[in-house]
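Chemist: Sharing a structure below in C-alpha cells format, with a few things to ask.
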Amino acid sequence: MQNNPIVEVNKNGLILNAKGFDPYKSFECGQCFRWQRQPDGSYTGVVSSRVLNVRSENQKILLKGTSLSEFQSFWAHYFDLYTNYDAIQKRLIHKAPWIKTAISSGNGIHVFHQDLWEIFISFIISSNNNISRISQIIESISQLFGEKLASSLPGQWFSFPKPASLKQLTEKDWRELNVGYRAPYLVSAVASWHLFYQEVNEILHLKGKDSTLTTSRSLQKIPGIGPKVASCIQLFGTPQRDVFPIDVWVRRAMMHFYNPSGKQSDLQLQKDALHLFGDDAGFAQQYLFFHARSYFTKH
DNA sequence: CCCCAGGTAGGGT
DNA sequence: ACCCTACATGGG
C-alpha cells in the first residue's frame, strides 16, 4: 500500500502530486470511453453523477470540479491511487523481461475502478468496433437516456443511463443508435443484467479460488459476450485483475514479444499469459495494449 | 472497391 | 479444440 497522494487545494482546484500516475495515458488505454479530450488538451469525464476535469502538466495533476473530501472519498479510489504500481512492474519484469518495452511506453497507466453496469454495456458495444465509434454511441445514449448533470465545468454533461432507462429500448431503438447487429445482444443483456449482478455479487463476496473463472462463465452465458468482452468487463468493472483480454492489439503485441515465430490460438495465448503473469495479468495486458496501439499504428 | 475496428455466434470438421 | 464466415457501421 502506497502513501496517500499529496493534495494541495487552491482556488483553481486540487493539485495532485501522484508520482507514477499518468492520467492521459490512462484515459487513452482503452479502459474508458467517457473521458473526452478538451480543446486545451485536458480531459473531462463523467463518472456516476460526477463531472471532473483533469489537466496533467509538469508532473502535477490539476483537478477541477471536485472538493478535497470528494477526492478522498471517491476519486482517489476511482483512479486506483492506493495501488503500488512500482511493485506490479517489478513483478511483471521479473516474470517476463520482454515486457519491459511495453511497460516503459505505458508507464503511468492506472486501471480505474469503474461502474460495473456501465462497463457491462459499453464492452458489449465494443465488440468488432472502433474506440471513437464506441465513445460516440455511449455519449449519445447518455445524452438521450441519462440525466443532465449540474456542473461548473464548460459544456453539457450527462450521466450514463441507469438499467431501468435502458430497459425500455427495443431492438429497433438500439439500431437507431447505430449499434448495428449488436442490437439484439443489448436488449437481452439489459434484461439479464439484474440476474448477472446478483450472481457476480455472490461470487465476489465469496472470493472463491476460481471466482474469476466463475464470473467469466456467468458473463459468457449472455449473448454478445465472449471471452474477450467478458475479461474486459471483469478487468474494468470488478476487482478481478487475473484476466487477460486478447484483442487484435494484444495479439500483435504477444506475437511480437512473446511468440515471434509461429501461430498460437487466442486460448493458448491466454493460458500462457495467465500462467506467466498470474494475478497481475490484467496490468500486463494494459501495458501491452497501450504499447501496441502506439507502436504498431505509427510503424 | 478493399480492409479494419478492444469479437461473437453458428455452423462445420 | 480449431477453422470459417456473416454480421452493421463508419473511416481510411
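Residues are referred to by chain and number: the chain letter is A, B, ... according to the order shown in the C-alpha cells, the number counts from 1 in that chain, and ligands are numbered separately from 1 in the order shown.
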What are the closest atom pairs, with distances in Å to one decimal, for all residues of chain A lying within 8 Å of chain C? Consider only C-alpha atoms (C1' of nucleotides), order rows by chain and residue number, and present the result as a Markdown table.
Modeler:
| residue | atom | partner | partner_atom | distance |
| --- | --- | --- | --- | --- |
| A:Arg133 | CA | C:DG10 | C1' | 8.0 |
| A:Asn178 | CA | C:DT9 | C1' | 6.8 |
| A:Val179 | CA | C:DA8 | C1' | 7.0 |
| A:Gly180 | CA | C:DA8 | C1' | 3.9 |
| A:Tyr181 | CA | C:DA8 | C1' | 5.3 |
Chemist: Keeping only N, CA and C atoms, write the selected residues to a file as a PDB file, in the first residue's frame.
Modeler:
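Wrote it out as selection07.pdb, contents follow:
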ATOM      1  N   ARG A 133     -15.942   5.239 -32.375  1.00  0.00           N
ATOM      2  CA  ARG A 133     -17.368   4.999 -32.586  1.00  0.00           C
ATOM      3  C   ARG A 133     -18.043   4.495 -31.319  1.00  0.00           C
ATOM      4  N   ASN A 178     -27.156   3.158 -33.930  1.00  0.00           N
ATOM      5  CA  ASN A 178     -26.015   2.700 -34.728  1.00  0.00           C
ATOM      6  C   ASN A 178     -25.167   1.622 -34.066  1.00  0.00           C
ATOM      7  N   VAL A 179     -25.796   0.795 -33.257  1.00  0.00           N
ATOM      8  CA  VAL A 179     -25.031  -0.321 -32.689  1.00  0.00           C
ATOM      9  C   VAL A 179     -25.028  -1.530 -33.637  1.00  0.00           C
ATOM     10  N   GLY A 180     -25.765  -1.422 -34.744  1.00  0.00           N
ATOM     11  CA  GLY A 180     -25.735  -2.472 -35.757  1.00  0.00           C
ATOM     12  C   GLY A 180     -26.275  -3.797 -35.249  1.00  0.00           C
ATOM     13  N   TYR A 181     -25.554  -4.854 -35.615  1.00  0.00           N
ATOM     14  CA  TYR A 181     -26.037  -6.202 -35.278  1.00  0.00           C
ATOM     15  C   TYR A 181     -25.971  -6.511 -33.791  1.00  0.00           C
TER      16      TYR A 181
END
Chemist: Give me, as an mmCIF file with all heavy atoms, in the first residue's frame, the residues of segment 51-176 of chain A that a backbone DSSP run labels strand (DSSP E or B).
Modeler:
data_model
loop_
_atom_site.group_PDB
_atom_site.id
_atom_site.type_symbol
_atom_site.label_atom_id
_atom_site.label_comp_id
_atom_site.auth_asym_id
_atom_site.auth_seq_id
_atom_site.Cartn_x
_atom_site.Cartn_y
_atom_site.Cartn_z
ATOM 1 N N VAL A 51 -18.787 15.134 -12.485
ATOM 2 C CA VAL A 51 -18.059 15.607 -13.659
ATOM 3 C C VAL A 51 -16.723 16.160 -13.180
ATOM 4 O O VAL A 51 -16.671 16.943 -12.226
ATOM 5 C CB VAL A 51 -18.835 16.724 -14.396
ATOM 6 C CG1 VAL A 51 -18.170 17.031 -15.732
ATOM 7 C CG2 VAL A 51 -20.285 16.329 -14.605
ATOM 8 N N LEU A 52 -15.657 15.741 -13.820
ATOM 9 C CA LEU A 52 -14.326 16.166 -13.389
ATOM 10 C C LEU A 52 -13.478 16.542 -14.602
ATOM 11 O O LEU A 52 -13.559 15.898 -15.637
ATOM 12 C CB LEU A 52 -13.642 15.029 -12.624
ATOM 13 C CG LEU A 52 -12.273 15.354 -12.003
ATOM 14 C CD1 LEU A 52 -12.435 16.279 -10.805
ATOM 15 C CD2 LEU A 52 -11.538 14.074 -11.598
ATOM 16 N N ASN A 53 -12.679 17.606 -14.416
ATOM 17 C CA ASN A 53 -11.696 17.964 -15.442
ATOM 18 C C ASN A 53 -10.297 17.693 -14.892
ATOM 19 O O ASN A 53 -9.984 18.050 -13.755
ATOM 20 C CB ASN A 53 -11.839 19.450 -15.819
ATOM 21 C CG ASN A 53 -10.781 19.871 -16.827
ATOM 22 O OD1 ASN A 53 -9.761 20.463 -16.475
ATOM 23 N ND2 ASN A 53 -11.012 19.571 -18.087
ATOM 24 N N VAL A 54 -9.477 17.069 -15.722
ATOM 25 C CA VAL A 54 -8.124 16.677 -15.309
ATOM 26 C C VAL A 54 -7.111 17.267 -16.275
ATOM 27 O O VAL A 54 -7.216 17.077 -17.488
ATOM 28 C CB VAL A 54 -7.977 15.138 -15.295
ATOM 29 C CG1 VAL A 54 -6.576 14.741 -14.856
ATOM 30 C CG2 VAL A 54 -9.021 14.494 -14.395
ATOM 31 N N ARG A 55 -6.167 17.995 -15.734
ATOM 32 C CA ARG A 55 -5.078 18.548 -16.538
ATOM 33 C C ARG A 55 -3.770 18.035 -15.963
ATOM 34 O O ARG A 55 -3.567 18.051 -14.748
ATOM 35 C CB ARG A 55 -5.118 20.076 -16.476
ATOM 36 C CG ARG A 55 -4.021 20.780 -17.257
ATOM 37 C CD ARG A 55 -3.987 22.247 -16.880
ATOM 38 N NE ARG A 55 -5.332 22.814 -16.962
ATOM 39 C CZ ARG A 55 -5.851 23.283 -18.085
ATOM 40 N NH1 ARG A 55 -5.149 23.277 -19.192
ATOM 41 N NH2 ARG A 55 -7.071 23.768 -18.104
ATOM 42 N N SER A 56 -2.914 17.565 -16.837
ATOM 43 C CA SER A 56 -1.648 17.000 -16.391
ATOM 44 C C SER A 56 -0.512 17.786 -17.011
ATOM 45 O O SER A 56 -0.396 17.834 -18.235
ATOM 46 C CB SER A 56 -1.589 15.527 -16.811
ATOM 47 O OG SER A 56 -0.343 14.974 -16.490
ATOM 48 N N GLU A 57 0.287 18.436 -16.166
ATOM 49 C CA GLU A 57 1.454 19.147 -16.709
ATOM 50 C C GLU A 57 2.535 19.281 -15.652
ATOM 51 O O GLU A 57 2.243 19.439 -14.467
ATOM 52 C CB GLU A 57 1.071 20.524 -17.266
ATOM 53 C CG GLU A 57 0.278 21.383 -16.320
ATOM 54 C CD GLU A 57 -0.265 22.649 -16.989
ATOM 55 O OE1 GLU A 57 -0.366 22.679 -18.227
ATOM 56 O OE2 GLU A 57 -0.582 23.593 -16.260
ATOM 57 N N LYS A 60 2.531 17.528 -12.378
ATOM 58 C CA LYS A 60 1.425 17.800 -11.464
ATOM 59 C C LYS A 60 0.104 17.567 -12.180
ATOM 60 O O LYS A 60 0.014 17.719 -13.399
ATOM 61 C CB LYS A 60 1.484 19.261 -10.981
ATOM 62 C CG LYS A 60 2.767 19.575 -10.234
ATOM 63 C CD LYS A 60 2.481 19.963 -8.802
ATOM 64 C CE LYS A 60 3.743 19.928 -7.980
ATOM 65 N NZ LYS A 60 3.885 21.018 -7.048
ATOM 66 N N ILE A 61 -0.879 17.243 -11.380
ATOM 67 C CA ILE A 61 -2.197 16.981 -11.941
ATOM 68 C C ILE A 61 -3.178 17.946 -11.302
ATOM 69 O O ILE A 61 -3.278 18.005 -10.071
ATOM 70 C CB ILE A 61 -2.614 15.521 -11.660
ATOM 71 C CG1 ILE A 61 -1.611 14.555 -12.316
ATOM 72 C CG2 ILE A 61 -4.021 15.269 -12.181
ATOM 73 C CD1 ILE A 61 -1.681 13.142 -11.767
ATOM 74 N N LEU A 62 -3.875 18.716 -12.156
ATOM 75 C CA LEU A 62 -4.854 19.674 -11.643
ATOM 76 C C LEU A 62 -6.253 19.123 -11.852
ATOM 77 O O LEU A 62 -6.639 18.780 -12.973
ATOM 78 C CB LEU A 62 -4.695 21.024 -12.375
ATOM 79 C CG LEU A 62 -5.708 22.105 -11.972
ATOM 80 C CD1 LEU A 62 -5.543 22.506 -10.515
ATOM 81 C CD2 LEU A 62 -5.576 23.328 -12.878
ATOM 82 N N LEU A 63 -7.017 19.039 -10.765
ATOM 83 C CA LEU A 63 -8.386 18.524 -10.829
ATOM 84 C C LEU A 63 -9.365 19.667 -10.615
ATOM 85 O O LEU A 63 -9.290 20.376 -9.604
ATOM 86 C CB LEU A 63 -8.605 17.466 -9.746
ATOM 87 C CG LEU A 63 -7.629 16.291 -9.703
ATOM 88 C CD1 LEU A 63 -7.983 15.367 -8.530
ATOM 89 C CD2 LEU A 63 -7.650 15.513 -11.006
ATOM 90 N N LYS A 64 -10.290 19.820 -11.565
ATOM 91 C CA LYS A 64 -11.317 20.855 -11.426
ATOM 92 C C LYS A 64 -12.689 20.208 -11.347
ATOM 93 O O LYS A 64 -12.962 19.263 -12.089
ATOM 94 C CB LYS A 64 -11.311 21.792 -12.645
ATOM 95 C CG LYS A 64 -10.245 22.838 -12.618
ATOM 96 C CD LYS A 64 -10.477 23.808 -13.770
ATOM 97 C CE LYS A 64 -9.293 24.738 -13.946
ATOM 98 N NZ LYS A 64 -9.448 25.564 -15.144
ATOM 99 N N LYS A 148 -29.135 14.963 -17.109
ATOM 100 C CA LYS A 148 -28.266 16.116 -17.279
ATOM 101 C C LYS A 148 -27.712 16.532 -15.925
ATOM 102 O O LYS A 148 -28.454 16.647 -14.948
ATOM 103 C CB LYS A 148 -29.052 17.271 -17.900
ATOM 104 C CG LYS A 148 -28.155 18.405 -18.314
ATOM 105 C CD LYS A 148 -28.903 19.465 -19.079
ATOM 106 C CE LYS A 148 -27.956 20.622 -19.367
ATOM 107 N NZ LYS A 148 -28.639 21.708 -20.072
ATOM 108 N N LEU A 149 -26.405 16.716 -15.869
ATOM 109 C CA LEU A 149 -25.752 16.960 -14.587
ATOM 110 C C LEU A 149 -25.431 18.439 -14.410
ATOM 111 O O LEU A 149 -25.079 19.119 -15.373
ATOM 112 C CB LEU A 149 -24.460 16.147 -14.506
ATOM 113 C CG LEU A 149 -24.646 14.638 -14.650
ATOM 114 C CD1 LEU A 149 -23.301 13.946 -14.797
ATOM 115 C CD2 LEU A 149 -25.416 14.075 -13.452
ATOM 116 N N TRP A 157 -23.146 17.908 -19.611
ATOM 117 C CA TRP A 157 -22.688 16.573 -19.215
ATOM 118 C C TRP A 157 -23.852 15.724 -18.749
ATOM 119 O O TRP A 157 -24.713 16.178 -18.004
ATOM 120 C CB TRP A 157 -21.611 16.691 -18.140
ATOM 121 C CG TRP A 157 -20.502 17.577 -18.611
ATOM 122 C CD1 TRP A 157 -20.319 18.900 -18.317
ATOM 123 C CD2 TRP A 157 -19.463 17.229 -19.544
ATOM 124 N NE1 TRP A 157 -19.222 19.398 -18.991
ATOM 125 C CE2 TRP A 157 -18.681 18.399 -19.737
ATOM 126 C CE3 TRP A 157 -19.115 16.058 -20.216
ATOM 127 C CZ2 TRP A 157 -17.569 18.412 -20.591
ATOM 128 C CZ3 TRP A 157 -18.008 16.076 -21.055
ATOM 129 C CH2 TRP A 157 -17.244 17.242 -21.229
ATOM 130 N N PHE A 158 -23.854 14.478 -19.192
ATOM 131 C CA PHE A 158 -24.957 13.564 -18.887
ATOM 132 C C PHE A 158 -24.410 12.298 -18.258
ATOM 133 O O PHE A 158 -23.385 11.763 -18.699
ATOM 134 C CB PHE A 158 -25.719 13.207 -20.171
ATOM 135 C CG PHE A 158 -26.385 14.385 -20.816
ATOM 136 C CD1 PHE A 158 -25.677 15.223 -21.671
ATOM 137 C CD2 PHE A 158 -27.719 14.660 -20.553
ATOM 138 C CE1 PHE A 158 -26.289 16.316 -22.260
ATOM 139 C CE2 PHE A 158 -28.341 15.755 -21.146
ATOM 140 C CZ PHE A 158 -27.624 16.585 -21.997
#
Chemist: Quick one: which residues from chain A are at most 9 Å off chain B, using only C-alpha atoms (C1' of nucleotides), as a list in words?
Modeler: Gly30, Gln31, Phe123, Ser126, Ser127, Asn128, Asn129, Asn130, Ile131, Pro223, Gly224, Ile225, Gly226, Pro227, Lys228, Val229, Cys232, Pro245, Ile246, Asp247, Val248, Trp249 and Phe289 of chain A
Chemist: Convert the current residue selection to file output with N, CA, C and O atoms, as a PDB file, in the first residue's frame.
Modeler:
ATOM      1  N   GLY A  30      -7.854   2.573 -23.453  1.00  0.00           N
ATOM      2  CA  GLY A  30      -8.963   1.747 -23.895  1.00  0.00           C
ATOM      3  C   GLY A  30      -9.863   1.227 -22.795  1.00  0.00           C
ATOM      4  O   GLY A  30     -10.787   0.470 -23.051  1.00  0.00           O
ATOM      5  N   GLN A  31      -9.599   1.634 -21.553  1.00  0.00           N
ATOM      6  CA  GLN A  31     -10.405   1.115 -20.447  1.00  0.00           C
ATOM      7  C   GLN A  31     -11.694   1.915 -20.261  1.00  0.00           C
ATOM      8  O   GLN A  31     -12.632   1.434 -19.639  1.00  0.00           O
ATOM      9  N   PHE A 123     -18.848  -2.547 -23.089  1.00  0.00           N
ATOM     10  CA  PHE A 123     -17.991  -3.526 -23.759  1.00  0.00           C
ATOM     11  C   PHE A 123     -18.771  -4.508 -24.626  1.00  0.00           C
ATOM     12  O   PHE A 123     -18.183  -5.163 -25.487  1.00  0.00           O
ATOM     13  N   SER A 126     -18.535  -2.656 -27.665  1.00  0.00           N
ATOM     14  CA  SER A 126     -17.165  -2.542 -28.174  1.00  0.00           C
ATOM     15  C   SER A 126     -16.765  -3.622 -29.171  1.00  0.00           C
ATOM     16  O   SER A 126     -15.800  -3.445 -29.908  1.00  0.00           O
ATOM     17  N   SER A 127     -17.510  -4.745 -29.211  1.00  0.00           N
ATOM     18  CA  SER A 127     -17.016  -5.872 -29.993  1.00  0.00           C
ATOM     19  C   SER A 127     -16.968  -5.571 -31.482  1.00  0.00           C
ATOM     20  O   SER A 127     -17.920  -5.044 -32.055  1.00  0.00           O
ATOM     21  N   ASN A 128     -15.843  -5.877 -32.079  1.00  0.00           N
ATOM     22  CA  ASN A 128     -15.592  -5.629 -33.504  1.00  0.00           C
ATOM     23  C   ASN A 128     -15.973  -4.205 -33.904  1.00  0.00           C
ATOM     24  O   ASN A 128     -16.648  -3.979 -34.901  1.00  0.00           O
ATOM     25  N   ASN A 129     -15.550  -3.272 -33.091  1.00  0.00           N
ATOM     26  CA  ASN A 129     -15.919  -1.870 -33.261  1.00  0.00           C
ATOM     27  C   ASN A 129     -14.677  -1.036 -32.964  1.00  0.00           C
ATOM     28  O   ASN A 129     -13.716  -1.560 -32.419  1.00  0.00           O
ATOM     29  N   ASN A 130     -14.690   0.223 -33.335  1.00  0.00           N
ATOM     30  CA  ASN A 130     -13.505   1.022 -33.008  1.00  0.00           C
ATOM     31  C   ASN A 130     -13.802   2.052 -31.922  1.00  0.00           C
ATOM     32  O   ASN A 130     -14.945   2.451 -31.714  1.00  0.00           O
ATOM     33  N   ILE A 131     -12.737   2.452 -31.240  1.00  0.00           N
ATOM     34  CA  ILE A 131     -12.898   3.195 -29.991  1.00  0.00           C
ATOM     35  C   ILE A 131     -13.649   4.503 -30.190  1.00  0.00           C
ATOM     36  O   ILE A 131     -14.513   4.851 -29.382  1.00  0.00           O
ATOM     37  N   PRO A 223     -25.641 -13.617 -24.514  1.00  0.00           N
ATOM     38  CA  PRO A 223     -25.324 -13.476 -25.939  1.00  0.00           C
ATOM     39  C   PRO A 223     -24.644 -12.137 -26.223  1.00  0.00           C
ATOM     40  O   PRO A 223     -25.063 -11.105 -25.706  1.00  0.00           O
ATOM     41  N   GLY A 224     -23.586 -12.189 -27.005  1.00  0.00           N
ATOM     42  CA  GLY A 224     -22.832 -10.979 -27.318  1.00  0.00           C
ATOM     43  C   GLY A 224     -21.597 -10.836 -26.460  1.00  0.00           C
ATOM     44  O   GLY A 224     -20.754  -9.976 -26.721  1.00  0.00           O
ATOM     45  N   ILE A 225     -21.499 -11.670 -25.411  1.00  0.00           N
ATOM     46  CA  ILE A 225     -20.323 -11.649 -24.553  1.00  0.00           C
ATOM     47  C   ILE A 225     -19.541 -12.941 -24.761  1.00  0.00           C
ATOM     48  O   ILE A 225     -20.029 -14.024 -24.459  1.00  0.00           O
ATOM     49  N   GLY A 226     -18.358 -12.797 -25.318  1.00  0.00           N
ATOM     50  CA  GLY A 226     -17.443 -13.913 -25.484  1.00  0.00           C
ATOM     51  C   GLY A 226     -16.272 -13.739 -24.532  1.00  0.00           C
ATOM     52  O   GLY A 226     -16.334 -12.922 -23.610  1.00  0.00           O
ATOM     53  N   PRO A 227     -15.189 -14.482 -24.754  1.00  0.00           N
ATOM     54  CA  PRO A 227     -14.053 -14.439 -23.826  1.00  0.00           C
ATOM     55  C   PRO A 227     -13.411 -13.058 -23.700  1.00  0.00           C
ATOM     56  O   PRO A 227     -13.033 -12.651 -22.595  1.00  0.00           O
ATOM     57  N   LYS A 228     -13.302 -12.353 -24.786  1.00  0.00           N
ATOM     58  CA  LYS A 228     -12.634 -11.045 -24.745  1.00  0.00           C
ATOM     59  C   LYS A 228     -13.465 -10.008 -23.995  1.00  0.00           C
ATOM     60  O   LYS A 228     -12.969  -9.326 -23.091  1.00  0.00           O
ATOM     61  N   VAL A 229     -14.740  -9.887 -24.358  1.00  0.00           N
ATOM     62  CA  VAL A 229     -15.600  -8.912 -23.701  1.00  0.00           C
ATOM     63  C   VAL A 229     -15.772  -9.263 -22.223  1.00  0.00           C
ATOM     64  O   VAL A 229     -15.710  -8.391 -21.352  1.00  0.00           O
ATOM     65  N   CYS A 232     -12.740  -8.113 -20.316  1.00  0.00           N
ATOM     66  CA  CYS A 232     -12.726  -6.655 -20.172  1.00  0.00           C
ATOM     67  C   CYS A 232     -13.689  -6.201 -19.087  1.00  0.00           C
ATOM     68  O   CYS A 232     -13.367  -5.324 -18.276  1.00  0.00           O
ATOM     69  N   PRO A 245      -7.530  -9.941 -21.384  1.00  0.00           N
ATOM     70  CA  PRO A 245      -8.329  -9.765 -22.602  1.00  0.00           C
ATOM     71  C   PRO A 245      -7.434  -9.755 -23.836  1.00  0.00           C
ATOM     72  O   PRO A 245      -6.450  -9.018 -23.882  1.00  0.00           O
ATOM     73  N   ILE A 246      -7.786 -10.573 -24.823  1.00  0.00           N
ATOM     74  CA  ILE A 246      -7.000 -10.608 -26.062  1.00  0.00           C
ATOM     75  C   ILE A 246      -7.802 -10.035 -27.217  1.00  0.00           C
ATOM     76  O   ILE A 246      -8.786 -10.605 -27.653  1.00  0.00           O
ATOM     77  N   ASP A 247      -7.358  -8.882 -27.676  1.00  0.00           N
ATOM     78  CA  ASP A 247      -7.946  -8.262 -28.859  1.00  0.00           C
ATOM     79  C   ASP A 247      -6.864  -8.196 -29.931  1.00  0.00           C
ATOM     80  O   ASP A 247      -5.778  -8.745 -29.766  1.00  0.00           O
ATOM     81  N   VAL A 248      -7.152  -7.526 -31.035  1.00  0.00           N
ATOM     82  CA  VAL A 248      -6.185  -7.510 -32.137  1.00  0.00           C
ATOM     83  C   VAL A 248      -4.837  -6.916 -31.706  1.00  0.00           C
ATOM     84  O   VAL A 248      -3.785  -7.393 -32.114  1.00  0.00           O
ATOM     85  N   TRP A 249      -4.871  -5.893 -30.859  1.00  0.00           N
ATOM     86  CA  TRP A 249      -3.622  -5.218 -30.470  1.00  0.00           C
ATOM     87  C   TRP A 249      -2.787  -6.086 -29.546  1.00  0.00           C
ATOM     88  O   TRP A 249      -1.567  -6.188 -29.711  1.00  0.00           O
ATOM     89  N   PHE A 289      -1.398  -3.530 -24.518  1.00  0.00           N
ATOM     90  CA  PHE A 289      -2.387  -2.877 -25.378  1.00  0.00           C
ATOM     91  C   PHE A 289      -1.942  -1.459 -25.720  1.00  0.00           C
ATOM     92  O   PHE A 289      -1.933  -1.061 -26.887  1.00  0.00           O
TER      93      PHE A 289
END
Chemist: I need the residues of segment 181-259 of chain A that end up classed as helix (DSSP H, G or I) by DSSP on the backbone, written out as a ChimeraX atom specification.
Modeler: /A:181-206,211-220,227-237,248-257
Chemist: Rounded to one decimal place, report the atom CA of Arg37 of chain A-atom CA of His77 of chain A distance in Å.
Modeler: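 Computing it gives 21.9 Å between the two atoms.
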